[in-house]
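This is work-v3.pdb (PDB, C-alpha atoms, pLDDT in the B column).
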ATOM      1  CA  MET O  86       0.000   0.000   0.000  1.00 28.00           C
ATOM      2  CA  GLN O  87       2.685   2.523   0.962  1.00 29.00           C
ATOM      3  CA  PRO O  88       4.644   2.252  -2.323  1.00 30.00           C
ATOM      4  CA  LEU O  89       1.440   2.964  -4.255  1.00 30.00           C
ATOM      5  CA  LEU O  90       0.679   6.045  -2.157  1.00 30.00           C
ATOM      6  CA  LEU O  91       4.243   7.267  -2.575  1.00 27.00           C
ATOM      7  CA  LEU O  92       4.126   6.780  -6.340  1.00 30.00           C
ATOM      8  CA  VAL O  93       0.864   8.655  -6.665  1.00 36.00           C
ATOM      9  CA  ALA O  94       2.251  11.483  -4.549  1.00 31.00           C
ATOM     10  CA  LEU O  95       5.294  11.776  -6.789  1.00 28.00           C
ATOM     11  CA  LEU O  96       3.095  12.181  -9.846  1.00 35.00           C
ATOM     12  CA  LEU O  97       1.053  15.059  -8.428  1.00 36.00           C
ATOM     13  CA  PRO O  98       1.796  18.762  -7.961  1.00 36.00           C
ATOM     14  CA  PRO O  99       2.137  20.043  -4.385  1.00 34.00           C
ATOM     15  CA  GLY O 100      -1.135  20.164  -2.448  1.00 35.00           C
ATOM     16  CA  ALA O 101      -3.081  18.044  -4.935  1.00 38.00           C
ATOM     17  CA  ARG O 102      -4.349  14.494  -4.741  1.00 39.00           C
ATOM     18  CA  ALA O 103      -5.607  12.267  -7.529  1.00 39.00           C
ATOM     19  CA  GLY O 104      -9.168  10.965  -7.444  1.00 39.00           C
ATOM     20  CA  GLU O 105     -10.558   8.103  -5.348  1.00 45.00           C
ATOM     21  CA  ILE O 106     -14.142   6.931  -5.011  1.00 69.00           C
ATOM     22  CA  ILE O 107     -15.145   7.350  -1.348  1.00 75.00           C
ATOM     23  CA  GLY O 108     -18.532   6.322   0.033  1.00 81.00           C
ATOM     24  CA  GLY O 109     -19.689   4.633  -3.155  1.00 86.00           C
ATOM     25  CA  GLN O 110     -20.547   1.121  -4.271  1.00 90.00           C
ATOM     26  CA  GLU O 111     -19.561  -1.357  -6.949  1.00 93.00           C
ATOM     27  CA  ALA O 112     -21.011  -0.476 -10.329  1.00 95.00           C
ATOM     28  CA  ARG O 113     -23.103  -3.008 -12.202  1.00 97.00           C
ATOM     29  CA  PRO O 114     -20.582  -4.768 -14.505  1.00 97.00           C
ATOM     30  CA  HIS O 115     -20.242  -2.963 -17.844  1.00 97.00           C
ATOM     31  CA  SER O 116     -23.036  -0.511 -17.064  1.00 98.00           C
ATOM     32  CA  ARG O 117     -20.625   2.306 -17.918  1.00 98.00           C
ATOM     33  CA  PRO O 118     -19.119   1.186 -21.264  1.00 98.00           C
ATOM     34  CA  TYR O 119     -17.373   4.526 -21.764  1.00 98.00           C
ATOM     35  CA  MET O 120     -15.016   3.999 -18.802  1.00 98.00           C
ATOM     36  CA  ALA O 121     -11.290   3.720 -19.494  1.00 98.00           C
ATOM     37  CA  TYR O 122      -8.617   2.359 -17.159  1.00 96.00           C
ATOM     38  CA  VAL O 123      -5.414   4.308 -17.898  1.00 95.00           C
ATOM     39  CA  GLN O 124      -2.148   2.556 -17.021  1.00 92.00           C
ATOM     40  CA  ILE O 125       0.787   4.938 -16.658  1.00 89.00           C
ATOM     41  CA  HIS O 126       4.302   3.491 -16.733  1.00 84.00           C
ATOM     42  CA  THR O 127       7.049   5.504 -15.044  1.00 80.00           C
ATOM     43  CA  PRO O 128      10.720   4.862 -14.224  1.00 81.00           C
ATOM     44  CA  VAL O 129       9.732   3.958 -10.652  1.00 84.00           C
ATOM     45  CA  GLY O 130       6.718   1.765 -11.422  1.00 81.00           C
ATOM     46  CA  MET O 131       3.143   1.936 -12.615  1.00 82.00           C
ATOM     47  CA  THR O 132       0.209   4.042 -11.483  1.00 86.00           C
ATOM     48  CA  ILE O 133      -3.308   4.566 -12.824  1.00 89.00           C
ATOM     49  CA  CYS O 134      -5.816   7.194 -13.831  1.00 93.00           C
ATOM     50  CA  GLY O 135      -9.379   7.111 -15.001  1.00 95.00           C
ATOM     51  CA  GLY O 136     -10.655   8.233 -18.369  1.00 97.00           C
ATOM     52  CA  PHE O 137     -13.598   7.924 -20.717  1.00 98.00           C
ATOM     53  CA  LEU O 138     -14.131   7.195 -24.384  1.00 98.00           C
ATOM     54  CA  VAL O 139     -15.225  10.138 -26.517  1.00 97.00           C
ATOM     55  CA  ARG O 140     -15.524   9.329 -30.226  1.00 90.00           C
ATOM     56  CA  ASP O 141     -12.099   7.887 -31.153  1.00 91.00           C
ATOM     57  CA  PHE O 142     -10.293   9.503 -28.214  1.00 97.00           C
ATOM     58  CA  VAL O 143     -10.022   8.899 -24.491  1.00 98.00           C
ATOM     59  CA  MET O 144     -10.489  12.003 -22.379  1.00 98.00           C
ATOM     60  CA  THR O 145      -8.686  12.214 -19.037  1.00 98.00           C
ATOM     61  CA  ALA O 146      -6.859  14.699 -16.796  1.00 97.00           C
ATOM     62  CA  ALA O 147      -3.698  16.424 -18.023  1.00 96.00           C
ATOM     63  CA  ARG O 148      -2.015  15.560 -14.692  1.00 93.00           C
ATOM     64  CA  CYS O 149      -2.047  11.946 -15.925  1.00 92.00           C
ATOM     65  CA  PHE O 150       0.395  12.681 -18.759  1.00 89.00           C
ATOM     66  CA  ARG O 151       3.314  10.278 -19.115  1.00 82.00           C
ATOM     67  CA  ARG O 152       4.980   9.060 -22.296  1.00 78.00           C
ATOM     68  CA  GLN O 153       4.276   5.350 -21.767  1.00 86.00           C
ATOM     69  CA  THR O 154       0.540   4.923 -21.405  1.00 92.00           C
ATOM     70  CA  VAL O 155      -1.878   2.071 -22.153  1.00 95.00           C
ATOM     71  CA  VAL O 156      -5.662   2.339 -22.109  1.00 97.00           C
ATOM     72  CA  ILE O 157      -7.944  -0.565 -21.159  1.00 97.00           C
ATOM     73  CA  LEU O 158     -11.522  -0.340 -22.392  1.00 98.00           C
ATOM     74  CA  GLY O 159     -14.401  -2.701 -21.621  1.00 98.00           C
ATOM     75  CA  ALA O 160     -13.144  -3.565 -18.133  1.00 97.00           C
ATOM     76  CA  HIS O 161     -14.971  -4.153 -14.868  1.00 97.00           C
ATOM     77  CA  ASN O 162     -12.475  -6.160 -12.783  1.00 97.00           C
ATOM     78  CA  ILE O 163      -9.068  -4.952 -13.891  1.00 93.00           C
ATOM     79  CA  ARG O 164      -7.201  -7.786 -12.129  1.00 91.00           C
ATOM     80  CA  ARG O 165      -8.944 -10.547 -14.065  1.00 91.00           C
ATOM     81  CA  PHE O 166      -8.895 -11.616 -17.684  1.00 91.00           C
ATOM     82  CA  GLU O 167     -12.121 -10.421 -19.281  1.00 96.00           C
ATOM     83  CA  ARG O 168     -12.945 -11.131 -22.916  1.00 97.00           C
ATOM     84  CA  THR O 169     -14.622  -7.737 -23.049  1.00 98.00           C
ATOM     85  CA  GLN O 170     -11.350  -5.879 -22.495  1.00 98.00           C
ATOM     86  CA  GLN O 171      -9.429  -4.021 -25.186  1.00 98.00           C
ATOM     87  CA  HIS O 172      -5.838  -2.984 -24.414  1.00 97.00           C
ATOM     88  CA  ILE O 173      -4.740  -0.124 -26.678  1.00 97.00           C
ATOM     89  CA  SER O 174      -1.520   1.882 -26.653  1.00 95.00           C
ATOM     90  CA  VAL O 175      -1.645   5.664 -26.737  1.00 95.00           C
ATOM     91  CA  LEU O 176      -0.321   7.292 -29.901  1.00 93.00           C
ATOM     92  CA  ARG O 177      -0.229  10.871 -28.623  1.00 93.00           C
ATOM     93  CA  ALA O 178      -1.532  13.039 -25.820  1.00 95.00           C
ATOM     94  CA  ILE O 179      -2.846  16.560 -26.341  1.00 96.00           C
ATOM     95  CA  HIS O 180      -3.654  19.089 -23.615  1.00 94.00           C
ATOM     96  CA  PRO O 181      -4.149  22.900 -23.545  1.00 93.00           C
ATOM     97  CA  ARG O 182      -1.169  24.083 -21.471  1.00 91.00           C
ATOM     98  CA  PHE O 183      -1.871  22.447 -18.133  1.00 94.00           C
ATOM     99  CA  ASP O 184      -0.810  24.703 -15.244  1.00 94.00           C
ATOM    100  CA  GLN O 185       0.628  22.345 -12.597  1.00 91.00           C
ATOM    101  CA  GLN O 186       1.047  25.036  -9.971  1.00 92.00           C
ATOM    102  CA  LYS O 187      -2.567  26.237 -10.111  1.00 94.00           C
ATOM    103  CA  ASN O 188      -4.093  22.949 -11.353  1.00 94.00           C
ATOM    104  CA  LEU O 189      -5.759  24.774 -14.256  1.00 96.00           C
ATOM    105  CA  ASN O 190      -6.642  23.338 -17.697  1.00 97.00           C
ATOM    106  CA  ASP O 191      -6.573  19.811 -16.277  1.00 97.00           C
ATOM    107  CA  ILE O 192      -7.922  18.117 -19.386  1.00 98.00           C
ATOM    108  CA  MET O 193      -6.247  15.864 -21.962  1.00 97.00           C
ATOM    109  CA  LEU O 194      -7.216  13.890 -25.044  1.00 98.00           C
ATOM    110  CA  LEU O 195      -5.432  10.603 -25.735  1.00 97.00           C
ATOM    111  CA  GLN O 196      -5.360   9.536 -29.359  1.00 96.00           C
ATOM    112  CA  LEU O 197      -5.285   5.758 -29.467  1.00 95.00           C
ATOM    113  CA  ALA O 198      -2.861   3.819 -31.642  1.00 94.00           C
ATOM    114  CA  ASN O 199      -5.773   1.702 -32.895  1.00 93.00           C
ATOM    115  CA  ARG O 200      -9.495   2.357 -33.109  1.00 93.00           C
ATOM    116  CA  ALA O 201     -11.569   0.956 -30.288  1.00 96.00           C
ATOM    117  CA  ARG O 202     -14.040  -1.731 -31.360  1.00 97.00           C
ATOM    118  CA  GLN O 203     -17.367  -0.365 -30.227  1.00 97.00           C
ATOM    119  CA  ASN O 204     -19.924  -2.795 -28.847  1.00 98.00           C
ATOM    120  CA  ARG O 205     -22.151  -3.055 -25.775  1.00 97.00           C
ATOM    121  CA  PHE O 206     -19.069  -3.200 -23.532  1.00 98.00           C
ATOM    122  CA  VAL O 207     -17.186  -0.319 -25.199  1.00 98.00           C
ATOM    123  CA  ARG O 208     -19.137   2.755 -26.208  1.00 98.00           C
ATOM    124  CA  PRO O 209     -18.433   6.505 -26.046  1.00 98.00           C
ATOM    125  CA  VAL O 210     -20.247   8.925 -23.760  1.00 98.00           C
ATOM    126  CA  ALA O 211     -21.828  12.159 -24.942  1.00 98.00           C
ATOM    127  CA  LEU O 212     -20.267  15.561 -24.321  1.00 98.00           C
ATOM    128  CA  PRO O 213     -22.181  18.761 -23.545  1.00 97.00           C
ATOM    129  CA  ARG O 214     -23.686  20.432 -26.630  1.00 94.00           C
ATOM    130  CA  THR O 215     -23.323  23.951 -25.281  1.00 94.00           C
ATOM    131  CA  GLN O 216     -21.197  25.842 -22.771  1.00 92.00           C
ATOM    132  CA  ALA O 217     -24.144  26.264 -20.392  1.00 91.00           C
ATOM    133  CA  ARG O 218     -23.300  25.697 -16.716  1.00 91.00           C
ATOM    134  CA  LEU O 219     -24.897  23.075 -14.508  1.00 94.00           C
ATOM    135  CA  SER O 220     -27.015  24.488 -11.687  1.00 94.00           C
ATOM    136  CA  PRO O 221     -25.924  23.909  -8.073  1.00 96.00           C
ATOM    137  CA  GLY O 222     -27.732  20.889  -6.673  1.00 96.00           C
ATOM    138  CA  ALA O 223     -27.583  18.895  -9.909  1.00 97.00           C
ATOM    139  CA  TRP O 224     -27.098  15.158  -9.278  1.00 97.00           C
ATOM    140  CA  CYS O 225     -24.242  13.447 -11.089  1.00 97.00           C
ATOM    141  CA  THR O 226     -22.211  10.233 -10.850  1.00 96.00           C
ATOM    142  CA  VAL O 227     -18.462   9.674 -10.805  1.00 95.00           C
ATOM    143  CA  ALA O 228     -16.847   6.256 -11.288  1.00 94.00           C
ATOM    144  CA  GLY O 229     -13.361   4.766 -11.077  1.00 92.00           C
ATOM    145  CA  TRP O 230     -10.982   2.059  -9.864  1.00 90.00           C
ATOM    146  CA  GLY O 231      -9.170   4.165  -7.259  1.00 80.00           C
ATOM    147  CA  LEU O 232      -8.706   3.334  -3.585  1.00 68.00           C
ATOM    148  CA  VAL O 233     -11.858   3.146  -1.455  1.00 63.00           C
ATOM    149  CA  SER O 234      -9.942   4.204   1.664  1.00 61.00           C
ATOM    150  CA  LEU O 235      -6.318   4.852   2.584  1.00 60.00           C
ATOM    151  CA  SER O 236      -5.971   1.177   3.526  1.00 61.00           C
ATOM    152  CA  ARG O 237      -8.174  -0.611   0.998  1.00 66.00           C
ATOM    153  CA  ARG O 238      -8.078  -0.870  -2.757  1.00 73.00           C
ATOM    154  CA  THR O 239     -10.549  -2.301  -5.222  1.00 81.00           C
ATOM    155  CA  ASP O 240     -10.246  -4.279  -8.430  1.00 89.00           C
ATOM    156  CA  THR O 241     -13.787  -3.526  -9.588  1.00 93.00           C
ATOM    157  CA  LEU O 242     -15.304  -0.329 -10.903  1.00 95.00           C
ATOM    158  CA  GLN O 243     -16.869   1.785  -8.150  1.00 93.00           C
ATOM    159  CA  GLU O 244     -19.392   4.611  -8.487  1.00 94.00           C
ATOM    160  CA  VAL O 245     -20.927   7.282  -6.262  1.00 93.00           C
ATOM    161  CA  GLN O 246     -23.573   9.968  -6.670  1.00 95.00           C
ATOM    162  CA  LEU O 247     -22.515  13.553  -5.973  1.00 96.00           C
ATOM    163  CA  THR O 248     -24.132  16.973  -6.180  1.00 96.00           C
ATOM    164  CA  VAL O 249     -22.787  20.095  -7.854  1.00 97.00           C
ATOM    165  CA  GLN O 250     -21.991  22.831  -5.317  1.00 97.00           C
ATOM    166  CA  ARG O 251     -21.817  26.606  -5.546  1.00 97.00           C
ATOM    167  CA  ASP O 252     -18.400  27.952  -6.521  1.00 97.00           C
ATOM    168  CA  GLY O 253     -18.024  29.609  -3.130  1.00 97.00           C
ATOM    169  CA  GLU O 254     -17.565  26.227  -1.444  1.00 95.00           C
ATOM    170  CA  CYS O 255     -14.364  25.646  -3.431  1.00 97.00           C
ATOM    171  CA  HIS O 256     -13.188  29.260  -3.444  1.00 97.00           C
ATOM    172  CA  ARG O 257     -12.979  29.018   0.358  1.00 95.00           C
ATOM    173  CA  ARG O 258     -10.989  25.777   0.265  1.00 95.00           C
ATOM    174  CA  PHE O 259      -8.741  26.021  -2.783  1.00 96.00           C
ATOM    175  CA  ARG O 260      -6.583  29.064  -3.455  1.00 94.00           C
ATOM    176  CA  PHE O 261      -6.579  28.849  -7.246  1.00 96.00           C
ATOM    177  CA  TYR O 262     -10.080  27.513  -7.862  1.00 97.00           C
ATOM    178  CA  ASN O 263     -11.514  28.984 -11.076  1.00 97.00           C
ATOM    179  CA  GLY O 264     -15.272  28.568 -11.505  1.00 97.00           C
ATOM    180  CA  ARG O 265     -15.102  29.498 -15.162  1.00 97.00           C
ATOM    181  CA  ILE O 266     -13.267  26.321 -16.119  1.00 97.00           C
ATOM    182  CA  GLU O 267     -13.740  24.185 -12.982  1.00 98.00           C
ATOM    183  CA  MET O 268     -16.662  22.691 -11.054  1.00 97.00           C
ATOM    184  CA  CYS O 269     -17.125  22.304  -7.307  1.00 97.00           C
ATOM    185  CA  VAL O 270     -18.597  18.854  -6.621  1.00 96.00           C
ATOM    186  CA  GLY O 271     -19.580  16.958  -3.471  1.00 95.00           C
ATOM    187  CA  ASP O 272     -21.711  17.889  -0.461  1.00 95.00           C
ATOM    188  CA  PRO O 273     -19.390  18.873   2.432  1.00 93.00           C
ATOM    189  CA  ARG O 274     -21.900  17.283   4.855  1.00 92.00           C
ATOM    190  CA  GLU O 275     -21.448  13.817   3.319  1.00 89.00           C
ATOM    191  CA  ARG O 276     -18.464  11.439   3.223  1.00 85.00           C
ATOM    192  CA  LYS O 277     -18.768  10.938  -0.527  1.00 88.00           C
ATOM    193  CA  SER O 278     -16.105  12.182  -2.879  1.00 83.00           C
ATOM    194  CA  ALA O 279     -13.416  11.579  -5.477  1.00 76.00           C
ATOM    195  CA  PHE O 280      -9.953  11.445  -3.896  1.00 67.00           C
ATOM    196  CA  LEU O 281      -6.885   9.204  -4.419  1.00 67.00           C
ATOM    197  CA  GLY O 282      -5.997   7.123  -7.471  1.00 67.00           C
ATOM    198  CA  ASP O 283      -8.622   8.010 -10.091  1.00 76.00           C
ATOM    199  CA  SER O 284      -7.950  11.433 -11.602  1.00 89.00           C
ATOM    200  CA  GLY O 285      -9.281  11.764 -15.124  1.00 96.00           C
ATOM    201  CA  GLY O 286     -12.524   9.901 -14.501  1.00 95.00           C
ATOM    202  CA  PRO O 287     -15.803  11.397 -15.738  1.00 97.00           C
ATOM    203  CA  LEU O 288     -18.541  13.186 -13.849  1.00 97.00           C
ATOM    204  CA  VAL O 289     -21.666  12.095 -15.725  1.00 98.00           C
ATOM    205  CA  CYS O 290     -24.870  14.103 -15.356  1.00 97.00           C
ATOM    206  CA  GLY O 291     -27.907  12.924 -17.289  1.00 95.00           C
ATOM    207  CA  ARG O 292     -25.784  10.647 -19.537  1.00 96.00           C
ATOM    208  CA  VAL O 293     -23.468  13.536 -20.450  1.00 98.00           C
ATOM    209  CA  ALA O 294     -19.828  13.854 -19.309  1.00 98.00           C
ATOM    210  CA  GLN O 295     -19.801  17.273 -17.660  1.00 98.00           C
ATOM    211  CA  GLY O 296     -16.658  17.045 -15.537  1.00 98.00           C
ATOM    212  CA  ILE O 297     -13.256  15.389 -15.105  1.00 98.00           C
ATOM    213  CA  VAL O 298     -11.851  14.422 -11.692  1.00 95.00           C
ATOM    214  CA  SER O 299      -9.013  16.848 -10.998  1.00 95.00           C
ATOM    215  CA  TYR O 300      -8.023  17.395  -7.340  1.00 93.00           C
ATOM    216  CA  GLY O 301      -9.214  17.713  -3.740  1.00 89.00           C
ATOM    217  CA  ASN O 302      -7.840  18.218  -0.240  1.00 83.00           C
ATOM    218  CA  ARG O 303      -5.473  15.844   1.544  1.00 76.00           C
ATOM    219  CA  GLN O 304      -8.140  14.441   3.846  1.00 75.00           C
ATOM    220  CA  GLY O 305     -10.463  13.426   1.026  1.00 76.00           C
ATOM    221  CA  THR O 306     -13.389  15.431   2.398  1.00 84.00           C
ATOM    222  CA  PRO O 307     -15.757  16.976  -0.154  1.00 92.00           C
ATOM    223  CA  PRO O 308     -16.097  19.067  -2.139  1.00 94.00           C
ATOM    224  CA  ALA O 309     -13.500  18.231  -4.791  1.00 94.00           C
ATOM    225  CA  VAL O 310     -12.588  20.093  -7.964  1.00 96.00           C
ATOM    226  CA  PHE O 311     -13.527  18.808 -11.409  1.00 97.00           C
ATOM    227  CA  THR O 312     -12.542  20.272 -14.776  1.00 97.00           C
ATOM    228  CA  ARG O 313     -15.602  21.798 -16.458  1.00 98.00           C
ATOM    229  CA  VAL O 314     -15.810  19.993 -19.824  1.00 98.00           C
ATOM    230  CA  SER O 315     -18.231  22.482 -21.398  1.00 97.00           C
ATOM    231  CA  SER O 316     -15.676  25.291 -21.022  1.00 97.00           C
ATOM    232  CA  PHE O 317     -13.272  23.409 -23.300  1.00 97.00           C
ATOM    233  CA  LEU O 318     -15.712  22.505 -26.094  1.00 97.00           C
ATOM    234  CA  PRO O 319     -14.043  24.731 -28.735  1.00 96.00           C
ATOM    235  CA  TRP O 320     -10.629  23.228 -27.925  1.00 97.00           C
ATOM    236  CA  ILE O 321     -12.055  19.689 -27.932  1.00 97.00           C
ATOM    237  CA  ARG O 322     -13.678  20.176 -31.333  1.00 95.00           C
ATOM    238  CA  ARG O 323     -10.547  21.705 -32.858  1.00 94.00           C
ATOM    239  CA  THR O 324      -8.312  18.954 -31.471  1.00 95.00           C
ATOM    240  CA  MET O 325     -10.551  16.109 -32.602  1.00 94.00           C
ATOM    241  CA  SER O 326     -10.897  17.639 -36.055  1.00 92.00           C
ATOM    242  CA  ARG O 327      -7.134  18.070 -36.381  1.00 91.00           C
ATOM    243  CA  PHE O 328      -6.259  14.521 -35.404  1.00 89.00           C
ATOM    244  CA  GLN O 329      -9.250  12.643 -36.803  1.00 76.00           C
ATOM    245  CA  GLN O 330      -7.274  11.514 -39.856  1.00 58.00           C
ATOM    246  CA  TRP O 331      -5.356   8.378 -38.864  1.00 49.00           C
ATOM    247  CA  GLY O 332      -1.754   7.991 -39.910  1.00 45.00           C
ATOM    248  CA  GLN O 333      -0.932  11.706 -39.999  1.00 45.00           C
ATOM    249  CA  ALA O 334       2.722  12.648 -40.140  1.00 38.00           C
ATOM    250  CA  GLU O 335       2.883  13.707 -36.502  1.00 41.00           C
ATOM    251  CA  ILE O 336       5.458  12.906 -33.854  1.00 35.00           C
ATOM    252  CA  PRO O 337       4.056   9.956 -31.860  1.00 36.00           C
ATOM    253  CA  LEU O 338       3.792  10.029 -28.074  1.00 34.00           C
TER     254      LEU O 338
END

What would the structure in this file look like if it were written as structure tokens?
Amino acid sequence: MQPLLLLVALLLPPGARAGEIIGGQEARPHSRPYMAYVQIHTPVGMTICGGFLVRDFVMTAARCFRRQTVVILGAHNIRRFERTQQHISVLRAIHPRFDQQKNLNDIMLLQLANRARQNRFVRPVALPRTQARLSPGAWCTVAGWGLVSLSRRTDTLQEVQLTVQRDGECHRRFRFYNGRIEMCVGDPRERKSAFLGDSGGPLVCGRVAQGIVSYGNRQGTPPAVFTRVSSFLPWIRRTMSRFQQWGQAEIPL
């Protein structure tokens, strides 16, 4: 357990923690076919992030960037062989100037080396159609394979329902919180949150991916900060359009 915590800490900027599902439950197997398990290989070992399939790309957090990355789609129990799984290498990663010190622009698109085979186990999730903001109190769900406590891990996909909070809740807790491009998620009165080991996972509201797990406090108490997907729609559209042609003469990841 300790080596894993140390590795995760090394991959994060000061004061930030990657996402963990706290206070949730095991998801129904393959009920979230857009989920991606992102394996990140580093010189000191392997760590993980969450992600989600969007068209021919996997969207995740920019803090998860490393040059050797593999995406697993169609998984429920990531420690077992499942015929539903597709293991695909990442060709390149694209993000809009992630600011590690302020945790801003924490969004990244992974272009896969091969197209995902879409079926009932692997299917993309919808993105917002407009840049309209979600109202405080909106119910959403976040899912991932992160730790379920500081002493217990899970091999199966977990999920938890969370509510969108007013920006003031995060302005008071996080120095650089920016409500224009970030979302404040999780009722501070409940022990339900995203915390350690699952950054990059999606916040799904009404079958639409509205947020990306970004960071929270060191105790794992809500609320946590999620990247606001709708704020990046122009960048997402431009990036997908640019790289939609396979086999372009680009420098691979």

Nearby residues (only C-alpha atoms) at most 9 Å from Ala178 in chain O, same-chain spacing under 2 positions excluded, as a list in words: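 Surrounding residues, per the criterion: Ala147, Phe150, Arg151, Arg152, Val175, Leu176, His180, Met193, Leu194, Leu195, Gln196, Leu197, Pro337 and Leu338 of chain O.
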
Which of these residues is nearest to Arg238 in chain O, using all atoms listed in the file: O:Met325, O:Pro307, O:Asp191, O:Asp283?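 Nearest candidate to Arg238 in chain O out of O:Met325, O:Pro307, O:Asp191, O:Asp283: O:Asp283.
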
Using the chain letters and numbers from the file, which residues does the PyMOL selection byres ((chain O and resi 140) around 12) grab, as an MDAnalysis selection string? chainID O and resid 119 137:139 141:144 194:197 200:203 207:212 321:322 325:326 328:329

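The set of residues that the PyMOL selection byres ((chain O and resi 244-258) around 6) takes from this file is Gly109, Gln110, Ala112, Pro221, Gly222, Ala223, Trp224, Cys225, Thr226, Val227, Ala228, Gln243, Phe259, Tyr262, Gly264, Cys269, Val270 and Gly271 of chain O.
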
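Counting from CA of Gln186 in chain O, the distance to CA of Thr215 in chain O is 28.8 Å.
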
Calculate how many Å separate CA of Ile107 in chain O from CA of Lys277 in chain O, rounding to one decimal.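 CA of Ile107 in chain O sits 5.2 Å away from CA of Lys277 in chain O.
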
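Atom pair CA of Ala146 in chain O / CA of Thr127 in chain O: separated by 16.8 Å.
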
Counting only C-alpha atoms, the residue of O:Phe183, O:Trp320, O:Phe206, O:Phe311 that sits nearest Thr169 in chain O: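 Closest to Thr169 in chain O, using only C-alpha atoms: O:Phe206.
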
Restricting the calculation to all atoms listed in the file, which member of O:Val129, O:Ala198, O:Leu318, O:Leu189 is positioned closest to Val156 in chain O?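 Using all atoms listed in the file, Val156 in chain O sits closest to O:Ala198.
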
May I have the protein, DNA and RNA residues with an atom at most 9 Å from (-10.6, -5.5, -8.1), counting all atoms listed in the file in the file's coordinates, returned as a PyMOL selection string? chain O and resi 161-165+230+238-242

Please produce a file of those selected residues containing C-alpha atoms, as a short mmCIF file (atom, residue, chain, number, x, y, z; two decimals), keeping the file's coordinate frame.
data_model
loop_
_atom_site.label_atom_id
_atom_site.label_comp_id
_atom_site.auth_asym_id
_atom_site.auth_seq_id
_atom_site.Cartn_x
_atom_site.Cartn_y
_atom_site.Cartn_z
CA HIS O 161 -14.97 -4.15 -14.87
CA ASN O 162 -12.48 -6.16 -12.78
CA ILE O 163 -9.07 -4.95 -13.89
CA ARG O 164 -7.20 -7.79 -12.13
CA ARG O 165 -8.94 -10.55 -14.06
CA TRP O 230 -10.98 2.06 -9.86
CA ARG O 238 -8.08 -0.87 -2.76
CA THR O 239 -10.55 -2.30 -5.22
CA ASP O 240 -10.25 -4.28 -8.43
CA THR O 241 -13.79 -3.53 -9.59
CA LEU O 242 -15.30 -0.33 -10.90
#

Closest to Arg323 in chain O among O:Ala160, O:Ala279, O:Cys290, O:Ile179, using all atoms listed in the file?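 Ranked by minimum distance to Arg323 in chain O, first place goes to O:Ile179.
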
As AutoDock Vina command-line options, please report the centre and edge lengths, rounded to one decimal in Å, of the axis-aligned box that holds all listed atoms of range 284-292 of chain O with 3 Å of padding on each of the six sides.
--center_x -17.9 --center_y 12.0 --center_z -15.6 --size_x 26.0 --size_y 10.2 --size_z 13.9
